[in-house]
$ cat data09.cif   # mmCIF, C-alpha atoms
data_input
loop_
_atom_site.label_atom_id
_atom_site.label_comp_id
_atom_site.auth_asym_id
_atom_site.auth_seq_id
_atom_site.Cartn_x
_atom_site.Cartn_y
_atom_site.Cartn_z
CA MET A 1292 30.13 187.70 350.34
CA ASN A 1293 27.30 185.17 350.33
CA THR A 1294 27.79 181.55 349.45
CA LEU A 1295 26.13 180.19 346.35
CA SER A 1296 23.56 178.28 348.38
CA THR A 1297 22.73 181.28 350.58
CA SER A 1298 22.03 183.37 347.49
CA LEU A 1299 20.07 180.71 345.63
CA LEU A 1300 17.96 179.69 348.61
CA ASP A 1301 17.17 183.24 349.74
CA PRO A 1302 13.34 183.32 349.91
CA ALA A 1303 13.31 186.55 347.89
CA ALA A 1304 15.38 185.04 345.06
CA ARG A 1305 14.38 181.38 345.13
CA PRO A 1306 11.28 181.65 342.89
CA GLN A 1307 13.34 183.45 340.24
CA VAL A 1308 16.13 180.87 340.54
CA VAL A 1309 13.62 178.04 340.08
CA GLU A 1310 12.07 179.76 337.05
CA ALA A 1311 15.51 180.38 335.51
CA LEU A 1312 16.42 176.71 335.99
CA VAL A 1313 13.14 175.55 334.46
CA GLN A 1314 13.87 177.76 331.45
CA LEU A 1315 17.40 176.34 331.25
CA ALA A 1316 16.02 172.79 331.34
CA ASP A 1317 13.52 173.71 328.63
CA ARG A 1318 16.32 175.04 326.41
CA GLU A 1319 18.59 172.07 327.07
CA VAL A 1320 15.87 169.52 326.34
CA GLY A 1321 14.70 171.50 323.31
CA ALA A 1322 18.18 171.30 321.81
CA LYS A 1323 18.35 167.50 321.98
CA LYS A 1324 18.33 165.68 318.64
CA GLY A 1325 17.52 162.22 317.39
CA LEU A 1326 15.28 159.54 318.82
CA SER A 1327 16.48 159.99 322.39
CA GLY A 1328 15.97 163.74 322.02
CA THR A 1329 12.41 163.18 320.86
CA MET A 1330 11.79 160.88 323.81
CA MET A 1331 13.23 163.45 326.22
CA LYS A 1332 11.11 166.22 324.72
CA THR A 1333 7.97 164.10 325.05
CA ALA A 1334 8.74 163.16 328.65
CA PHE A 1335 9.61 166.76 329.53
CA ALA A 1336 6.40 168.07 327.97
CA GLY A 1337 4.41 165.57 330.01
CA ALA A 1338 6.27 166.46 333.19
CA LYS A 1339 5.57 170.16 332.62
CA LYS A 1340 1.85 169.36 332.53
CA ALA A 1341 1.94 167.27 335.72
CA PRO A 1342 -0.37 168.46 338.49
CA GLY A 1343 1.19 170.68 341.12
CA GLY A 1344 3.79 172.33 338.94
CA GLY A 1345 5.70 169.27 337.72
CA ILE A 1346 9.10 170.54 336.63
CA GLY A 1347 9.08 173.67 338.79
CA ARG A 1348 8.17 171.68 341.87
CA ALA A 1349 10.92 169.16 341.14
CA VAL A 1350 13.50 171.92 340.58
CA ASN A 1351 12.46 173.60 343.82
CA ALA A 1352 12.82 170.31 345.70
CA LEU A 1353 16.27 169.63 344.20
CA LEU A 1354 17.59 173.16 344.62
CA PRO A 1355 18.90 172.89 348.21
CA GLY A 1356 20.90 169.75 347.47
CA VAL A 1357 22.19 171.11 344.17
CA ALA A 1358 23.20 174.39 345.78
CA ARG A 1359 25.07 172.64 348.60
CA ALA A 1360 26.80 170.31 346.13
CA LEU A 1361 27.95 173.28 344.07
CA ASP A 1362 29.04 175.51 346.98
CA PRO A 1363 32.65 174.24 347.12
CA HIS A 1364 32.97 174.56 343.36
CA TYR A 1365 31.70 178.12 343.42
CA ASP A 1366 34.13 178.96 346.21
CA ALA A 1367 37.03 177.44 344.23
CA LYS A 1368 36.28 179.03 340.84
CA GLY A 1369 38.32 182.16 341.46
CA GLU A 1370 37.82 184.75 338.73
CA ARG A 1371 36.59 182.24 336.15
CA ALA A 1372 32.99 182.28 334.98
CA PHE A 1373 31.17 179.59 336.95
CA GLY A 1374 29.87 177.83 333.84
CA ASP A 1375 33.38 177.60 332.39
CA TYR A 1376 34.73 176.35 335.70
CA LEU A 1377 32.09 173.60 335.98
CA ALA A 1378 32.53 172.50 332.37
CA ASP A 1379 36.32 172.23 332.61
CA PRO A 1380 37.14 168.62 331.62
CA ALA A 1381 39.23 168.32 334.79
CA ARG A 1382 36.10 168.51 336.93
CA ALA A 1383 32.98 168.09 334.75
CA ASN A 1384 32.65 164.36 335.51
CA GLN A 1385 33.01 164.92 339.24
CA VAL A 1386 30.47 167.77 339.25
CA SER A 1387 27.98 165.76 337.20
CA ASP A 1388 28.36 162.78 339.57
CA GLU A 1389 27.70 165.06 342.55
CA LEU A 1390 24.61 166.56 340.92
CA LEU A 1391 23.30 163.17 339.88
CA ALA A 1392 23.75 161.90 343.45
CA VAL A 1393 21.38 164.69 344.56
CA ALA A 1394 18.88 163.72 341.86
CA ASP A 1395 19.22 160.01 342.63
CA ALA A 1396 18.48 160.61 346.31
CA ARG A 1397 15.42 162.67 345.42
CA ALA A 1398 14.22 160.05 342.92
CA LYS A 1399 14.34 157.39 345.64
CA ALA A 1400 12.21 159.63 347.86
CA VAL A 1401 9.49 159.83 345.20
CA GLU A 1402 9.48 156.22 343.98
CA GLY A 1403 6.21 155.43 342.28
CA ASN A 1404 5.74 159.08 341.30
CA PRO A 1405 5.45 159.59 337.53
CA LEU A 1406 8.40 162.03 337.54
CA GLY A 1407 10.47 159.43 339.37
CA LYS A 1408 9.63 156.88 336.69
CA VAL A 1409 10.61 159.31 333.93
CA TYR A 1410 13.89 160.04 335.70
CA GLY A 1411 14.58 156.32 336.00
CA SER A 1412 14.07 155.79 332.29
CA PHE A 1413 16.65 158.45 331.41
CA ARG A 1414 19.14 157.88 334.24
CA GLY A 1415 21.45 155.70 332.17
CA LYS A 1416 22.40 158.56 329.84
CA ALA A 1417 21.92 161.34 332.36
CA LYS A 1418 25.60 161.99 332.97
CA GLU A 1419 26.33 163.04 329.39
CA HIS A 1420 23.34 165.39 329.47
CA VAL A 1421 24.39 166.91 332.79
CA VAL A 1422 27.95 167.45 331.56
CA ALA A 1423 26.58 169.17 328.44
CA ALA A 1424 24.39 171.44 330.58
CA LEU A 1425 27.12 172.53 333.01
CA PRO A 1426 28.11 175.75 331.20
CA GLY A 1427 24.49 176.92 331.14
CA LEU A 1428 23.87 175.79 334.70
CA GLY A 1429 26.86 177.69 336.03
CA ALA A 1430 26.01 180.83 334.08
CA THR A 1431 22.38 180.69 335.20
CA LEU A 1432 23.19 180.24 338.88
CA GLU A 1433 25.97 182.82 338.92
CA ARG A 1434 23.46 185.54 337.99
CA PHE A 1435 21.83 185.15 341.41
CA VAL A 1436 24.92 185.45 343.61
CA ARG A 1437 25.15 188.81 345.32
#

$ encode --input "data09.cif" --output "structure tokens"
Amino acid sequence: MNTLSTSLLDPAARPQVVEALVQLADREVGAKKGLSGTMMKTAFAGAKKAPGGGIGRAVNALLPGVARALDPHYDAKGERAFGDYLADPARANQVSDELLAVADARAKAVEGNPLGKVYGSFRGKAKEHVVAALPGLGATLERFVR
């Protein structure tokens, strides 16, 4: 059996994984409410229009780190659906911290980049958004494991 990262980073599957994650992000951002939701939607729409693929390029760059961070969780999930496993309150905070560490490292690498600035403006509340997205993230990624 392949690991999560092997499956997600397979050159034949990676473009589909990236596209599925962009669609997930679009759904997650689209579901946000209130003033902060409006701000996120505006920032996300701008990032999607960024030259060079914006969101897709960022997802592709983050994918190796995210996949490696999630490998041990995928291995430990047993028969549970991966999204349910990730969202379990016993581990959701840990998983979100691990994923945000990947994003933080990437943001430092692109300081001065408009996407890095957008990330910085939302970083303070990022954890709650990541925790909320864990069920969808796990379900999306699990589809690609062979």

$ closest_residue --input "data09.cif" --among "A:Leu1391, A:Glu1370, A:Arg1359, A:Arg1318" --to "A:Arg1414" --atoms "only C-alpha atoms"
A:Leu1391

$ resolve_selection --input "data09.cif" --expression "the PyMOL selection byres ((chain A and resi 1435-1437) around 7)" --output "ChimeraX atom specification"
/A:1293,1295,1298-1299,1432-1434

$ resolve_selection --input "data09.cif" --expression "the PyMOL selection byres ((chain A and resi 1375) around 10)" --output "MDAnalysis selection string"
chainID A and resid 1368 1371:1374 1376:1380 1383 1425:1430

$ resolve_selection --input "data09.cif" --expression "the PyMOL selection byres ((chain A and resi 1305) around 12)" --output "list of chain:residue names"
A:Leu1295, A:Ser1296, A:Thr1297, A:Ser1298, A:Leu1299, A:Leu1300, A:Asp1301, A:Pro1302, A:Ala1303, A:Ala1304, A:Pro1306, A:Gln1307, A:Val1308, A:Val1309, A:Glu1310, A:Ala1311, A:Leu1312, A:Gly1347, A:Arg1348, A:Val1350, A:Asn1351, A:Ala1352, A:Leu1353, A:Leu1354, A:Pro1355, A:Ala1358, A:Leu1432, A:Phe1435, A:Val1436

$ residues_around --input "data09.cif" --residues "A:Ala1322" --least-positions-apart "5" --cutoff "12 Å" --atoms "only C-alpha atoms" --output "short mmCIF file (atom, residue, chain, number, x, y, z; two decimals) with C-alpha atoms, in the coordinates of the input"
data_model
loop_
_atom_site.label_atom_id
_atom_site.label_comp_id
_atom_site.auth_asym_id
_atom_site.auth_seq_id
_atom_site.Cartn_x
_atom_site.Cartn_y
_atom_site.Cartn_z
CA LEU A 1315 17.40 176.34 331.25
CA ALA A 1316 16.02 172.79 331.34
CA ASP A 1317 13.52 173.71 328.63
CA SER A 1327 16.48 159.99 322.39
CA GLY A 1328 15.97 163.74 322.02
CA THR A 1329 12.41 163.18 320.86
CA MET A 1331 13.23 163.45 326.22
CA LYS A 1332 11.11 166.22 324.72
CA HIS A 1420 23.34 165.39 329.47
CA ALA A 1423 26.58 169.17 328.44
CA ALA A 1424 24.39 171.44 330.58
#

$ atom_distance --input "data09.cif" --atom1 "atom CA of A:Leu1390" --atom2 "atom CA of A:Lys1323"
20.0 Å

$ closest_residue --input "data09.cif" --among "A:Asp1395, A:Glu1319, A:Glu1419, A:Asp1362" --to "A:Phe1335" --atoms "all atoms listed in the file"
A:Glu1319

$ atom_distance --input "data09.cif" --atom1 "atom CA of A:Asn1384" --atom2 "atom CA of A:Ala1396"
18.2 Å

$ closest_residue --input "data09.cif" --among "A:Thr1294, A:Val1422, A:Lys1416, A:Ala1341" --to "A:His1364" --atoms "only C-alpha atoms"
A:Thr1294

$ closest_residue --input "data09.cif" --among "A:Ala1360, A:Leu1326, A:Val1313, A:Ala1367" --to "A:Ile1346" --atoms "all atoms listed in the file"
A:Val1313

$ atom_distance --input "data09.cif" --atom1 "atom CA of A:Thr1431" --atom2 "atom CA of A:Lys1339"
20.0 Å

$ closest_residue --input "data09.cif" --among "A:Ala1392, A:Ala1381, A:Ala1338, A:Ala1349" --to "A:Val1421" --atoms "all atoms listed in the file"
A:Ala1392
